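Q: Sharing a structure, written as structure tokens. Questions coming.
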Amino acid sequence: MSGSTVIGSPGGIILEEELLEGFGGFPNQLFLISVGQDKYAANNATLPDGQSVNGLACFPSADDATSYMGILAGLSGEIVSKSFEDARQIAIGKPVLSCLFLFVDGRIVDVHWVR
């Protein structure tokens with residue numbers, strides 16, 4: 001897919017404990033940013049305990065995915081719709097990923113662990 005960019009080391013995010021699970025869980029239908037060749041946008045975040053984790057970037061709407069691409073200048077790709085279980089299987093299939101991150105308005109509001 002032309003026009004896609006893979007960012008080798010995306011900027012880190014500090015997770016605030018009170019924001020986790022604040023969205024009430026993941027919706028059944030998610031949006032991911034496909035950057036081609038079975039690769040999807042992911043991010044690194046630092047948990048409140050200082051642990052650094054990598055997660056698949058998931059969005060409840062295509063608009064949230066578009067906003068995320070705008071925040072991370074240089075990230076481009078195709079916004080694709082996946083079921084929660086499909087997104088979970090994608091993360092499980094990528095050994096470097098520990099979880100799914102649910103982004104709303106550019107912030108992580110929930111985390112689903114796969115490892």
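Every chain in the structure tokens has a letter given in the order shown (A, B, ...), and although residue numbers restart at 1 in each chain, ligands are simply numbered from 1 in the order shown.
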Please provide the set of residues having any atom within 12 Å of Pro95 of chain A, restricted to only C-alpha atoms, with same-chain residues fewer than 3 positions apart removed, written as a compact mmCIF listing (two decimals) with C-alpha atoms, in the first residue's frame.

A:
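Wrote around24.txt, looks like this:
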# COMPACT_ATOMS: atom_id res chain seq x y z
CA VAL A 53 4.33 -1.68 27.53
CA ASN A 54 3.58 -1.88 23.81
CA GLY A 55 -0.02 -2.08 22.66
CA LEU A 56 -2.07 -2.19 19.48
CA GLN A 89 -5.88 -11.98 17.75
CA ILE A 90 -3.73 -9.45 15.86
CA ALA A 91 -2.10 -8.38 19.16
CA ILE A 92 -1.63 -12.01 20.25
CA SER A 98 1.27 -6.93 25.42
CA CYS A 99 -2.17 -5.38 25.09
CA VAL A 114 -3.26 -10.25 25.93
CA ARG A 115 -0.05 -11.33 27.74

Q: Tell me which protein, DNA and RNA residues are within 9 Å of segment 78-80 of chain A, counting only C-alpha atoms, leaving out same-chain ones fewer than 5 positions away, and put them as a list in words.

A: Met1, Ser4, Leu30, Phe31, Leu32, Ile33, Ser34, Val35, Gly36, Ala62, Ala65 and Thr66 of chain A

Q: Would you give me, as an mmCIF file with C-alpha atoms, in the first residue's frame, the residues in segment 53-115 of chain A that DSSP reads as alpha helix (DSSP H)?

A:
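So part09.cif came out as:
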data_model
loop_
_atom_site.group_PDB
_atom_site.id
_atom_site.type_symbol
_atom_site.label_atom_id
_atom_site.label_comp_id
_atom_site.auth_asym_id
_atom_site.auth_seq_id
_atom_site.Cartn_x
_atom_site.Cartn_y
_atom_site.Cartn_z
ATOM 1 C CA ALA A 62 -12.920 6.106 12.375
ATOM 2 C CA ASP A 63 -12.873 9.763 13.494
ATOM 3 C CA ASP A 64 -10.795 8.842 16.557
ATOM 4 C CA ALA A 65 -8.339 6.957 14.313
ATOM 5 C CA THR A 66 -8.106 9.951 11.976
ATOM 6 C CA SER A 67 -7.450 12.289 14.920
ATOM 7 C CA TYR A 68 -4.700 9.952 16.171
ATOM 8 C CA MET A 69 -2.998 10.060 12.761
ATOM 9 C CA GLY A 70 -3.131 13.850 12.951
ATOM 10 C CA ILE A 71 -1.534 13.864 16.403
ATOM 11 C CA PHE A 84 -12.727 -6.840 19.143
ATOM 12 C CA GLU A 85 -11.742 -10.517 18.853
ATOM 13 C CA ASP A 86 -9.967 -9.903 15.516
ATOM 14 C CA ALA A 87 -7.988 -7.022 17.078
ATOM 15 C CA ARG A 88 -7.162 -9.223 20.062
ATOM 16 C CA GLN A 89 -5.881 -11.981 17.751
ATOM 17 C CA ILE A 90 -3.732 -9.452 15.860
ATOM 18 C CA ALA A 91 -2.105 -8.379 19.157
ATOM 19 C CA ILE A 92 -1.635 -12.007 20.249
#

Q: Give me the residues within 8 Å of Val104 of chain A as an mmCIF file with C-alpha atoms, in the first residue's frame, counting only C-alpha atoms and dropping any in the same chain fewer than 2 places off.

A:
data_model
loop_
_atom_site.group_PDB
_atom_site.id
_atom_site.type_symbol
_atom_site.label_atom_id
_atom_site.label_comp_id
_atom_site.auth_asym_id
_atom_site.auth_seq_id
_atom_site.Cartn_x
_atom_site.Cartn_y
_atom_site.Cartn_z
ATOM 1 C CA PHE A 59 -10.270 3.270 18.277
ATOM 2 C CA PRO A 60 -14.048 3.245 18.831
ATOM 3 C CA ASP A 64 -10.795 8.842 16.557
ATOM 4 C CA LEU A 102 -8.335 2.033 23.389
ATOM 5 C CA GLY A 106 -6.049 11.015 21.500
ATOM 6 C CA ARG A 107 -5.893 9.542 25.030
ATOM 7 C CA ILE A 108 -5.747 5.957 26.221
ATOM 8 C CA VAL A 109 -8.945 5.266 28.156
#

Q: Between A:Val96, A:Cys58, A:Tyr40, A:Ala73, which is the closest to Gly25 of chain A once you count only C-alpha atoms?

A: A:Cys58

Q: Expressed in Å to a single decimal, how great is the separation between atom CA of Asp110 of chain A and atom CA of Leu47 of chain A?

A: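 Computing the Euclidean distance for atom CA of Asp110 of chain A and atom CA of Leu47 of chain A yields 11.9 Å.
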
Q: Taking into account only C-alpha atoms, which residue in the set A:Ala42, A:Pro27, A:Val111, A:Phe101 is nearest to Ser61 of chain A?

A: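 Once distances to Ser61 of chain A are computed over only C-alpha atoms, the minimum belongs to A:Pro27.
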
Q: Have a look at A:Leu97, A:Ser83, A:Gly50, A:Ala41 and name the one nearest to Gln29 of chain A; count only C-alpha atoms.

A: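 Of all the options, A:Ser83 lies closest to Gln29 of chain A.
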
Q: Write out as JSON, numbers by chain all residues of segment 16-108 of chain A that DSSP puts in strand (DSSP E) for this structure's backbone.

A: {"A": [29, 30, 31, 32, 33, 34, 35, 36, 39, 40, 42, 43, 44, 45, 46, 52, 53, 54, 55, 56, 57, 58, 78, 79, 80, 81, 82, 83, 99, 100, 101, 102, 103, 104, 107, 108]}

Q: Calculate how many Å separate atom CA of His112 of chain A from atom CA of Gly93 of chain A, rounding to one decimal.

A: 14.8 Å
